[in-house]
There are 2 protein chains.
Amino acid sequence: MTDRVLPTLEDVALKVDVSTSTVSRCLNEPWRVAEATRNRVLTAVAELGYSPNFGAQVLAAKRTNTFGAIVPTMSNAIFARGLQAFQDELMRNSATMLVSSSSYDAQIEEHQIRTLVARGADGLLLIGKRRSKSIYKFLEGRGIPVVMAWTIGKAHPWSYVGFDNAAGSASLAARAVELGHRRFAFLSGERAMNDRASDRVRGVVRVLRQNDLEHSGMCIIESAYTFDAAGDAFQRIMESSPRPTIVMCGNDVQAVGALKRAQALGICVPEEVSITGFDDVELATVVEPGLTTVHVPHREMGRRAAELLLAQVAGECGPKRIKLQTHVVERQSLAPPGG
Amino acid sequence: MTDRVLPTLEDVALKVDVSTSTVSRCLNEPWRVAEATRNRVLTAVAELGYSPNFGAQVLAAKRTNTFGAIVPTMSNAIFARGLQAFQDELMRNSATMLVSSSSYDAQIEEHQIRTLVARGADGLLLIGKRRSKSIYKFLEGRGIPVVMAWTIGKAHPWSYVGFDNAAGSASLAARAVELGHRRFAFLSGERAMNDRASDRVRGVVRVLRQNDLEHSGMCIIESAYTFDAAGDAFQRIMESSPRPTIVMCGNDVQAVGALKRAQALGICVPEEVSITGFDDVELATVVEPGLTTVHVPHREMGRRAAELLLAQVAGECGPKRIKLQTHVVERQSLAPPGG
DNA sequence: TTGTACGCGTTATCAA
DNA sequence: TTGATAACGCGTACAA
């Protein structure tokens with residue numbers, strides 16, 4: 001690798017015969033410099049192909065203009081749309097995005113939080129709110145703005161851009177009750193460190209109780225968020241007796257896993273059992289029968305999370321709590337019991 | 001925001017009563033420091049919660065340990081798996097990943113390349129190889145290692161970790177010919193700035209020619225990589241006469257779009273028309289009938305791209321050309337013409 | 001409106 | 001094995 005030497009602020013300054021501060025100002029606060037000088041400077045900048053040295057800029061300005069996002073997974077569409085929107089909004093504000101995925105593992109997530117903070121992230125987007133005290137203390141100690149998405153909580157000192165997971169699954173359960181379902185099962189994600197998963201179960205339990213239906217005995221099985229694991233879990237559920245008339249799933253991936261397994265087992269959906277999802281990703285529209293699910297405003301969450309973080313680092317506002325709405329999307333996988 | 005002051009190298013040095021150089025060495029080249037000193041230093045580091053200042057580190061070391069990845073889209077699984085593997089491998093080497101998505105737009109991609117380079121990326125992962133001379137000149141001028149994935153090319157001065165797109169679609173076409181197909185149509189992505197899309201079409205044309213089949217008149221329609229756009233394109237293809245017996249698609253997303261439209265129009269797949277994809281993402285296994293497609297080793301590409309970039313910035317090797325294999329995955333959407 | 005001068009926290013060179 | 005010291009390139013008071 002040959003040693004290339006890039007032009008510095010000083011090179012530009014020398015060429016135009018002004019001070020480095022003037023060049024710096026032209027780039028950062030152009031309005032504070034006379035138009036004539038500014039033009040000469042900017043011309044020289046273009047001619048030399050000057051571009052500020054990132055490290056120096058960060059060291060001096062104490063900001064990286066970089067935001068970290070840690071999502072449980074990038075492999076399916078659930079968080080991809082949100083990330084895309086997050087990054088688009090950052091780009092519109094000439095900021096950049098660092099991303100990691102934690103594989104739904106709290107330990108890995110903690111490590112990644114520390115890494116991104118060490119990397120100088122000006123702010124962080126995290127999914128969910130259930131994590132260790134120590135990592136919250138760490139974040140608070142660094143005074144870094146954090147937005148938690150896909151969930152909602154009380155604000156201070158963190159921001160939330162999300163929705164009520166319990167309410168989302170509750171409205172879906174309510175619709176199922178309305179259609180005549182009485183025997184529910186829930187195929188959940190692992191709830192231990194996942195507040196979204198717990199809330200989604202909780203919402204259903206609440207509805208059952210309100211309708212004086214058996215809820216304490218509702219079959220709840222946890223599985224990983226993969227087709228195969230969910231398929232296995234579904235199979236176990238269907239081996240129980242009496243069979244549920246509806247299996248509500250923690251998300252669309254699990255629901256599709258369940259659906260495919262049902263077909264493999266020759267169980268008709270929705271005639272013999274209804275299946276529902278959560279998220280409303282493309283997958284839900286592509287399977288046969290189409291998946292009844294809860295629509296989540298992924299893009300808006302991503303966009304508003306970025307807006308909020310940018311505003312917070314700019315000191316324009318403090319932590320906020322932005323609650324978005326979900327709604328049930330009815331397709332064919334949910335029908336009255338018995339078809 | 002209260003002004004927090006984080007411990008610096010000097011704070012650690014003072015506490016242990018050594019020089020800052022020693023502390024720095026303990027962190028970066030621990031073997032070059034006496035074990036006793038090292039232990040005292042590391043203890044102090046832990047006690048103070050010291051973590052190096054990123055900007056200062058970059059400024060002094062001239063490396064960010066950060067790698068940029070620019071993909072056409074994050075919204076579906078096509079590049080998500082590759083990115084995941086890329087980032088996993090980076091993380092294993094305590095490097096981090098910056099990502100952008102260009103929405104399949106060359107202009108946006110150029111802008112993002114410049115941004116990531118300005119942001120100090122030590123290396124870049126790009127998808128495909130067809131882009132403007134000027135951006136290549138820019139990259140060459142900066143001497144930044146670049147790996148182009150999802151494609152293969154002659155190496156110098158760039159690296160490639162990919163596969164032969166033409167060969168992939170060719171083997172699929174050959175199989176279709178073997179099954180008796182004679183009238184082909186291709187539902188392609190936009191080829192103007194997309195070498196993968198062009199190559200995939202080219203592979204099919206080659207096979208048709210080799211089998212003395214009509215190829216110059218093969219119906220080729222381009223569409224965006226979305227369900228709806230692909231559905232529209234499929235519909236136009238099926239309105240032509242004589243109808244093709246097989247519609248090969250540029251990727252799985254387009255193929256699923258075509259498949260769903262076929263079902264909406266009451267056209268039976270594969271009885272009335274076969275449909276094939278490219279990529280072999282989860283989507284392909286979930287639709288009914290399952291999609292016959294070309295399997296692409298996404299994860300391995302991502303992983304090896306990271307390995308290669310890391311090796312290149314470490315000066316352990318120069319640009320390389322790593323060619324991986326694809327293979328046809330037969331499911332139910334491809335069958336002999338007439339069912 | 002522009003310039004001077006210093007500080008930011010590290011790494012790297014060289015000497016001890 | 002350790003320490004002094006010089007970069008590294010930019011932002012920003014403060015002065016002119």
# chains A, B, ... in the order shown; residues from 1 in each chain; ligands from 1
>>> closest_atom_pairs(of="chain D", to="chain B", cutoff="10 Å", atoms="only C-alpha atoms (C1' of nucleotides)", output="JSON lines")
{"residue": "D:DT1", "atom": "C1'", "partner": "B:Val33", "partner_atom": "CA", "distance": 6.3}
{"residue": "D:DT2", "atom": "C1'", "partner": "B:Thr22", "partner_atom": "CA", "distance": 6.9}
{"residue": "D:DG3", "atom": "C1'", "partner": "B:Ser19", "partner_atom": "CA", "distance": 6.1}
{"residue": "D:DA4", "atom": "C1'", "partner": "B:Ser19", "partner_atom": "CA", "distance": 8.9}
{"residue": "D:DA7", "atom": "C1'", "partner": "B:Ala60", "partner_atom": "CA", "distance": 8.3}
{"residue": "D:DC8", "atom": "C1'", "partner": "B:Ala60", "partner_atom": "CA", "distance": 5.2}
{"residue": "D:DG9", "atom": "C1'", "partner": "B:Leu59", "partner_atom": "CA", "distance": 7.6}
>>> select_by_dssp(residues="range 16-239 of chain A", states="alpha helix (DSSP H)", output="VMD selection string")
chain A and resid 16 20 to 28 35 to 48 54 to 61 77 to 92 106 to 118 133 to 142 165 to 178 195 to 210 227 to 239
>>> select_by_dssp(residues="range 78-247 of chain A", states="strand (DSSP E or B)", output="ChimeraX atom specification")
/A:96-101,123-127,146-149,159-162,184-188,219-222,246-247
>>> atom_distance(atom1="CA of Arg299 in chain B", atom2="CA of Asp88 in chain B")
10.1 Å
>>> closest_atom_pairs(of="chain C", to="chain A", cutoff="7 Å", atoms="only C-alpha atoms (C1' of nucleotides)", output="JSON lines")
{"residue": "C:DT1", "atom": "C1'", "partner": "A:Val33", "partner_atom": "CA", "distance": 6.5}
{"residue": "C:DT2", "atom": "C1'", "partner": "A:Thr22", "partner_atom": "CA", "distance": 6.9}
{"residue": "C:DG3", "atom": "C1'", "partner": "A:Ser19", "partner_atom": "CA", "distance": 6.1}
{"residue": "C:DC8", "atom": "C1'", "partner": "A:Ala60", "partner_atom": "CA", "distance": 5.4}
>>> write_last_selection(atoms="C-alpha atoms (C1' of nucleotides)", output="mmCIF file, in the first residue's frame")
data_model
loop_
_atom_site.group_PDB
_atom_site.id
_atom_site.type_symbol
_atom_site.label_atom_id
_atom_site.label_comp_id
_atom_site.auth_asym_id
_atom_site.auth_seq_id
_atom_site.Cartn_x
_atom_site.Cartn_y
_atom_site.Cartn_z
ATOM 1 C "C1'" DT C 1 -15.035 39.313 8.821
ATOM 2 C "C1'" DT C 2 -10.733 37.022 9.581
ATOM 3 C "C1'" DG C 3 -6.609 35.215 12.029
ATOM 4 C "C1'" DC C 8 -8.459 17.354 21.914
#
>>> closest_atom_pairs(of="chain A", to="chain B", cutoff="6 Å", atoms="only C-alpha atoms", output="tab-separated table")
residue	atom	partner	partner_atom	distance
A:Phe54	CA	B:Arg119	CA	5.7
A:Gly55	CA	B:Leu59	CA	4.4
A:Ala56	CA	B:Leu59	CA	5.5
A:Val58	CA	B:Gly55	CA	4.9
A:Leu59	CA	B:Gly55	CA	4.5
A:Met74	CA	B:Ala80	CA	5.7
A:Ser75	CA	B:Ala80	CA	5.1
A:Asn76	CA	B:Ala77	CA	5.7
A:Ala77	CA	B:Asn76	CA	5.7
A:Ala80	CA	B:Ser75	CA	5.1
A:Arg81	CA	B:Ser75	CA	5.3
A:Met97	CA	B:Leu98	CA	5.9
A:Leu98	CA	B:Leu98	CA	4.6
A:Arg119	CA	B:Phe54	CA	5.6
A:Gly120	CA	B:Phe54	CA	5.9
A:Val287	CA	B:Val287	CA	5.6
>>> write_last_selection(atoms="C-alpha atoms", output="short mmCIF file (atom, residue, chain, number, x, y, z; two decimals), in the first residue's frame")
data_model
loop_
_atom_site.label_atom_id
_atom_site.label_comp_id
_atom_site.auth_asym_id
_atom_site.auth_seq_id
_atom_site.Cartn_x
_atom_site.Cartn_y
_atom_site.Cartn_z
CA PHE A 54 -12.78 12.05 10.26
CA GLY A 55 -10.64 11.33 13.28
CA ALA A 56 -9.52 14.88 13.66
CA VAL A 58 -14.32 13.78 15.96
CA LEU A 59 -11.49 14.57 18.31
CA MET A 74 -31.32 -8.62 10.24
CA SER A 75 -32.15 -11.90 8.56
CA ASN A 76 -35.81 -11.32 8.16
CA ALA A 77 -37.88 -8.33 7.26
CA ALA A 80 -35.11 -4.47 8.17
CA ARG A 81 -37.75 -1.95 7.20
CA MET A 97 -25.53 4.39 10.89
CA LEU A 98 -23.61 1.64 12.61
CA ARG A 119 -16.89 3.65 18.73
CA GLY A 120 -18.24 7.06 19.51
CA VAL A 287 -48.40 -17.52 2.22
#
